[in-house]
Amino acid sequence: MATVTIRHVTKTFGENTVLREFDAVFGDGEFVTLLGPSGCGKTTMLRMIAGFEKPSTGEIYLDDTLVSGGKTFVPPEKRGVGMVFQSYAVWPHMNVFDNVAYPLKIQKRSREAIRTAVEKVLEAVHLSRYADRLPNQLSGGQQQRVALARALVAEPKLLLLDEPLSNLDAKLRESMRFEIKEIQRRTGITVVYVTHDQTEAMAMSDRIFLINRGEVQQEGSPADIYNRPNSPFVADFLGKVDFFSGEVRQGEIVFPDMGGQSLPYSGDRTGKVRVAVRPENFILCDDGPMEGILETWYYLGDVNDCRVRVGQTIIRVIAGGFLYGTLRVGEKVRLRARDIMVFPDEGALEEILSIQT
Amino acid sequence: MKGTGTLEREARTGVRTRIGLLICFLLGTALVIGGLQGQREQAASGFESEGAYQAIYALSGDVNRMEQTLRRDLESLDESERMAAEAAAREILTAGGQDGAETMAADRLWKYAAVYEAVNGPKVGARDRRTLTEMGAAAGETFRREALRRLSDESLPLPEETADSFSGLEGSAAREMLLQQIVTSAAAQEADFTEHINHLKKNVRGKDLQKTAFGMIAEGSLNWAWKTVIGNSRTVILTGVLLMLDVLMLYLLMRAERNWRVDLKWIMILGIVDFLLVFQVVPVVYMVARAFFPEGSFSLETMRRLFGYALNGEALKNTLIASFATMILGTAIAFPLAWLVGRTNLYGRRFFRALFVMTYMVPPYVGAMAWLRLMNPNVGTINQWLRAAFHLSDAPGPLNVYTIPGMIWVLTCFYYPYAFITISRAMEKMDPSLEEASRISGASPVKTILTVTLPMMTPSLIAGALLVFISAASCFGIPSIIGTPGNVNTVTTRIVEYTSLGQQGMNDATGLAVFLMAVALAILFLSDVVLARKQYITVSGKSVSPAIVDLRKARLPLTVLVGLFAVIVVALPFATILTTSFKTDVGKSMWAEGNFTLGNWTAIFSRAETLGCLKNSLIFAATAATVGLVISCVMSYLLQRTSIRGRGIHNFLITLGSGTPSVVIALGLIMTMRGDFGVNIYNTAWILIIAYLIKYLMMGMRTVVSAMSQIHVSLEECSQVSGAGWFRTMTRITGPLIFPSIAAGWFLIFIPSFYELSMTTLLYSSTTKTIGYQLYEYWTFTSQPMSCAMAFGILLIVILLNFLLNRLTKGEFSI
């Protein structure tokens, strides 16, 4: 399979820099996700790998071959890459079989070889029965799988996926997620996946590149960036999080807005800090260091979504579903926190978190 | 979740509406019966035309008042004098062969006398007549009193004021002249009396009929309602039939919709249906009937005669060859052009696009005029260049516009934009990832065009091609300007020629028109089927701008090529029109000694006739556009927002109208709008406006419909939930949102109506000439340079309007 090497790639459209100094190596057989809010430059990066856009500066290598950079530019059809588009891009004038067979026909494979290969890949995406259908007779999910089969049929070294699930409904999206992951695991293909959905990214990726405003904010495994975000933005973008202002004082962080209550801290930051805690990391318990009053309590089945007032601050707490009925609104509760994330206080939080679209 | 109260209320509304409908239906029936009765009455009376009744009614009013005047005069006489005058009048009438005058009651007698004398009496000399009519009320009274006395008493002197008329008259002749003068004097009070009498004379011929008419006038038996019915029996029948049809449709629709509330929506819908029925369906049906039932029974005589005639066969062949070649050539030009301009990094692609689209708005006859100047075999500019460049002899040629290839070239120049617009629209709408998917699958750009782009474009390509074909086949302007001098006949020029050849000619014109219409509609249907079956256009939400293909080394050469094409097809003709408009002698160069003149321009701006035509064009086009827009808005609402059954019928009819060749529409209107079917708008502005509407309504409708389809219905529903009615929702929510499209739709109807020629040629009258027709007249009969000046003026107006539209819609629309 293939590696993708991206060297200092910058892309500008006129005055507008959409991607700045992207530098990375995607390993062989790796599932890499480019994650970020819309307009962050992730799709542009993918299209540069595919060859639909040229980098303004920098180089891209597939394996050891330079495909973009300097005077070299290999057009998309010569890159041997598979790609699935957000709009599926299934050709409406061809039936499922012809759509999938197209890359092989271009390669002038024998009729028999084409048939075998197409049947095999249709089997893999559970579309064998639909080979003769026209795309307008298929559902969105089925069209999606046609697109996937077409991208895979020529056994490319690299598969590029551009928000492939964003047009599907929630249930289908979840099952397709596992199907794609399963295919990748079976074929060992290198996958570059673009999405703005952090759950999708978490569920599928070996490595995530979180991009904002054209710059990589953090890269790492899903667990890494979820639990050890390097900035409030990353913490906020991946999952639910509450931010509190506090000050480090001798092994604890004191929160002025919580009536001066504090949490224990053993890190090495000092002075004013911004503390981020994910709601599921607040734990209701009898011996917690903080005390508050239970304001609301929503039972969601698997969990309880609660609000606890501590001083002037409302804290969101996600408690296990089994706790339902053990506490009543208005009661005093005690809280413990784990995995708290502490960032230096850099001023207006809204600005840091704001998502440029 | 409806409460019982609501249900009850709805049931009550239902019952009320049904009763209302029944009453309307009965009213319609009554109108039809009344109209038929009126027709029968008219037939029985022997009067030939409905005009007789109108005259009788008008006169019965006049003579009523005259009788009152006379009665006052008579009452100022003695009893005996009055009786004597009356007896004298009786004598005169009896002598004139009016039976029953002896026994007539006095009031009837004088009325009878008035109208009898006005029609059959001796002629009063012109000077005396003036004396009588101008003598004033008091003097007139005295005159009449004296004259009435003299009527029975020969011993009295004849009136001096009007002595001239009596010279040489004696006895009864003098007496009759006297009575005539009395009537004339009394009539002086009635402004329209003479006109009504003339109307009567024209419509009632023969002694017996006149007697009947006089009797009816004196009787005053024709009341207003009856007069309306008899005098307009056809219109009454038409109204009745429409009313019945409307009620029936309304009932069926309401039953299907389960909505018994009558609101504005329904009335507008039915209004449009009626309009289309009367002005579109009736003419078409009538023409088909006329073509196959020329004498009331089925016969193929017309068709046989038509196609047995060599000239027609040739015209047909010419039309088919020219249209087919234009279609092929036009599409072959349009597709690569659309691709280059829409999907590549050609230099100045936006400019080129605007330029090619703009030619769509240029009247075809302007192109014909230009190419005639350029490729005239003797003095054509291009021919002169070519002869000079290749040192050819001075013999005519090498190019000759007056031939079929010449015509094909001009047709192509002016109809390829139709295909260009259709194709480039589809191309720009196409989801670019469809092509990218092909590239990433390993296909080269060329292979991608062949296997993905082209097949995806096929429906639009076919639709565009068919549009070119049908436009070329229906075109009148170009063949009439180029074909006629070159003796190249086409079906349209034959039709127009036939219409000026009397009854037989009309029959033949109808035959050809029906044939042309059948071809046009068959093609329209075909194109619709193609588009409906294989509508591939996919609109994706993501990449808004289509992927641009890098032409690399071919970029400059291709730009030059496209630029050259633009020069030949757009710049050259327009420049020719402009330079010709400054020439005195069209054959010489503009810079030749004494050939440059501004006279043509000052002439067109100073001639009252030209300005009048311009005013006409502006008014007609604006009316057509405004009415058309109202219809378009209602129609798009119907199509996009309701599921009312039968809403497709409107759409179908409107599409049908625009697909019908102009010449055919005009011919149909000429034959059916002269009163035979209850509507008489012949020779009025309305017949032109209606023709424009039928032809161009679809342009406006399509624009508004597509805009409406992009506004989600929830916006309207939200307004309705907020308590606004249908009308308020339309004016406050939907209207403002689709305003740019409405403006665009208005201009799309206005512009072609403004310079229309084909239909105007057949439908204009001396008071309703338009600028397009004026230009055509100048070109054919007066002065080509002046005509060119007008053409360029029209061009400027069109460009200006386009600019205005662009501004008005903030760049969203231009043509």
# chains A, B, ... in the order shown; residues from 1 in each chain; ligands from 1

$ interface_residues --of "chain B" --to "chain A" --cutoff "6 Å" --atoms "only C-alpha atoms" --output "compact mmCIF listing (two decimals) with N, CA and C atoms, in the first residue's frame"
# COMPACT_ATOMS: atom_id res chain seq x y z
N SER B 433 -18.38 17.06 -9.34
CA SER B 433 -17.73 15.83 -8.87
C SER B 433 -18.04 14.65 -9.78
N LEU B 434 -19.09 14.79 -10.63
CA LEU B 434 -19.35 13.71 -11.57
C LEU B 434 -18.18 13.57 -12.54
N ARG B 439 -12.26 11.48 -13.59
CA ARG B 439 -10.81 11.72 -13.65
C ARG B 439 -10.10 10.80 -12.64
N ILE B 440 -10.63 10.74 -11.45
CA ILE B 440 -9.96 9.96 -10.41
C ILE B 440 -10.04 8.47 -10.73
N SER B 441 -11.05 8.10 -11.56
CA SER B 441 -11.14 6.70 -11.99
C SER B 441 -10.12 6.39 -13.07
N GLY B 442 -9.38 7.40 -13.51
CA GLY B 442 -8.33 7.15 -14.47
C GLY B 442 -8.58 7.68 -15.85
N ALA B 443 -9.71 8.38 -16.05
CA ALA B 443 -10.01 8.85 -17.40
C ALA B 443 -9.37 10.21 -17.64

$ residues_around --residues "Leu158 of chain A" --least-positions-apart "5" --cutoff "9 Å" --atoms "only C-alpha atoms" --output "list in words"
Met1, Ala2, Thr3, Val4, Gly29, Leu62, Gly80, Val81, Gly82, Met83, Ile189, Thr190, Val191 and Val192 of chain A

$ closest_residue --among "A:Phe26, A:Thr72, A:Ser221, A:Val310" --to "Asp257 of chain A" --atoms "only C-alpha atoms"
A:Val310

$ residues_around --residues "segment 299-302 of chain B" --least-positions-apart "3" --cutoff "10 Å" --atoms "only C-alpha atoms" --output "PyMOL selection string"
chain B and resi 290-296+305-308+504+507-512

$ write_last_selection --atoms "C-alpha atoms" --output "CSV table (one decimal), in the first residue's frame"
chain,number,residue,atom,x,y,z
B,290,ARG,CA,-61.0,24.8,-41.3
B,291,ALA,CA,-58.1,22.9,-42.8
B,292,PHE,CA,-59.9,19.6,-42.8
B,293,PHE,CA,-63.5,20.7,-43.1
B,294,PRO,CA,-63.3,23.6,-45.5
B,295,GLU,CA,-66.9,23.4,-46.6
B,296,GLY,CA,-68.4,22.0,-43.5
B,305,ARG,CA,-54.3,21.4,-53.4
B,306,LEU,CA,-51.5,22.8,-51.2
B,307,PHE,CA,-49.1,20.0,-51.6
B,308,GLY,CA,-49.9,19.5,-55.2
B,504,GLN,CA,-59.2,30.7,-51.0
B,507,ASN,CA,-58.0,28.3,-46.6
B,508,ASP,CA,-54.6,27.5,-48.0
B,509,ALA,CA,-52.8,29.6,-45.4
B,510,THR,CA,-54.7,27.6,-42.8
B,511,GLY,CA,-53.6,24.3,-44.3
B,512,LEU,CA,-50.0,25.3,-44.3

$ atom_distance --atom1 "atom CA of Ala52 of chain B" --atom2 "atom CA of Ala113 of chain B"
19.0 Å

$ residues_around --residues "Leu355 of chain B" --least-positions-apart "3" --cutoff "8 Å" --atoms "only C-alpha atoms" --output "PyMOL selection string"
chain B and resi 351-352+358-359+566+570

$ residues_around --residues "Asp339 of chain A" --least-positions-apart "2" --cutoff "9 Å" --atoms "only C-alpha atoms" --output "NGL selection string"
:A and (227-228 or 277-278 or 281 or 337 or 341)

$ select_by_dssp --residues "segment 113-329 of chain A" --states "helix (DSSP H, G or I)" --output "MDAnalysis selection string"
chainID A and resid 113:124 128:130 135:137 140:152 170:187 198:204 222:227 232:237 256:258 279:281 321:323

$ select_by_dssp --residues "segment 100-203 of chain A" --states "strand (DSSP E)" --output "list in words"
Leu158, Leu159, Leu160, Leu161, Asp162, Thr190, Val191, Val192, Tyr193, Val194 and Thr195 of chain A

$ residues_around --residues "segment 129-138 of chain B" --least-positions-apart "6" --cutoff "12 Å" --atoms "only C-alpha atoms" --output "list in words"
Thr69, Asp73, Lys123, Arg144, Arg145, Pro159, Glu160, Glu161, Thr162, Ala163, Asp164, Ser165, Met177, Leu178, Gln180, Gln181, Ile182, Val183, Thr184, Ser185, Ala186, Ala187, Ala188, Gln189, Glu190, Ala191, Phe193 and Thr194 of chain B

$ write_last_selection --atoms "N, CA and C atoms" --output "compact mmCIF listing (two decimals), in the first residue's frame"
# COMPACT_ATOMS: atom_id res chain seq x y z
N THR B 69 -89.28 66.38 -27.91
CA THR B 69 -89.05 67.75 -28.42
C THR B 69 -90.23 68.18 -29.29
N ASP B 73 -93.28 71.11 -29.09
CA ASP B 73 -93.60 72.03 -30.18
C ASP B 73 -95.08 71.96 -30.50
N LYS B 123 -83.35 65.13 -49.60
CA LYS B 123 -82.09 65.63 -49.06
C LYS B 123 -82.17 67.14 -48.82
N ARG B 144 -89.65 75.10 -35.88
CA ARG B 144 -90.46 73.88 -35.98
C ARG B 144 -91.94 74.18 -35.85
N ARG B 145 -92.25 75.13 -34.91
CA ARG B 145 -93.67 75.45 -34.71
C ARG B 145 -94.27 76.00 -36.01
N PRO B 159 -90.74 78.39 -44.83
CA PRO B 159 -89.75 79.10 -44.01
C PRO B 159 -88.65 79.73 -44.86
N GLU B 160 -88.27 80.95 -44.47
CA GLU B 160 -87.31 81.69 -45.29
C GLU B 160 -85.88 81.21 -45.06
N GLU B 161 -85.64 80.77 -43.83
CA GLU B 161 -84.26 80.40 -43.47
C GLU B 161 -83.70 79.34 -44.41
N THR B 162 -84.62 78.45 -44.84
CA THR B 162 -84.13 77.32 -45.63
C THR B 162 -84.75 77.31 -47.00
N ALA B 163 -84.93 78.49 -47.53
CA ALA B 163 -85.63 78.62 -48.82
C ALA B 163 -84.95 77.81 -49.93
N ASP B 164 -83.63 77.74 -49.89
CA ASP B 164 -82.89 77.04 -50.95
C ASP B 164 -83.42 75.65 -51.23
N SER B 165 -83.65 74.90 -50.15
CA SER B 165 -84.05 73.51 -50.32
C SER B 165 -85.40 73.37 -50.99
N MET B 177 -90.39 67.83 -47.80
CA MET B 177 -89.14 68.51 -47.44
C MET B 177 -89.30 69.24 -46.11
N LEU B 178 -90.50 69.77 -45.94
CA LEU B 178 -90.77 70.49 -44.70
C LEU B 178 -90.67 69.54 -43.50
N GLN B 180 -89.08 66.79 -43.39
CA GLN B 180 -87.67 66.42 -43.25
C GLN B 180 -86.91 67.50 -42.46
N GLN B 181 -87.23 68.77 -42.76
CA GLN B 181 -86.53 69.85 -42.06
C GLN B 181 -86.90 69.89 -40.58
N ILE B 182 -88.18 69.57 -40.32
CA ILE B 182 -88.60 69.51 -38.92
C ILE B 182 -87.78 68.46 -38.18
N VAL B 183 -87.69 67.31 -38.84
CA VAL B 183 -86.93 66.21 -38.22
C VAL B 183 -85.46 66.62 -38.04
N THR B 184 -84.89 67.20 -39.07
CA THR B 184 -83.49 67.61 -38.99
C THR B 184 -83.28 68.60 -37.85
N SER B 185 -84.22 69.52 -37.73
CA SER B 185 -84.11 70.51 -36.66
C SER B 185 -84.18 69.85 -35.29
N ALA B 186 -85.16 68.91 -35.18
CA ALA B 186 -85.30 68.21 -33.90
C ALA B 186 -84.06 67.36 -33.62
N ALA B 187 -83.51 66.78 -34.70
CA ALA B 187 -82.35 65.90 -34.54
C ALA B 187 -81.11 66.68 -34.12
N ALA B 188 -81.15 68.00 -34.34
CA ALA B 188 -79.98 68.79 -33.99
C ALA B 188 -79.62 68.65 -32.52
N GLN B 189 -80.62 68.28 -31.71
CA GLN B 189 -80.38 68.09 -30.28
C GLN B 189 -79.65 66.76 -30.00
N GLU B 190 -79.72 65.85 -30.99
CA GLU B 190 -79.17 64.50 -30.76
C GLU B 190 -77.80 64.38 -31.43
N ALA B 191 -76.81 64.30 -30.60
CA ALA B 191 -75.44 64.36 -31.12
C ALA B 191 -75.13 63.26 -32.13
N PHE B 193 -77.21 61.25 -33.82
CA PHE B 193 -78.33 60.79 -34.63
C PHE B 193 -77.87 60.38 -36.04
N THR B 194 -77.12 61.25 -36.69
CA THR B 194 -76.71 60.97 -38.08
C THR B 194 -75.88 59.69 -38.14
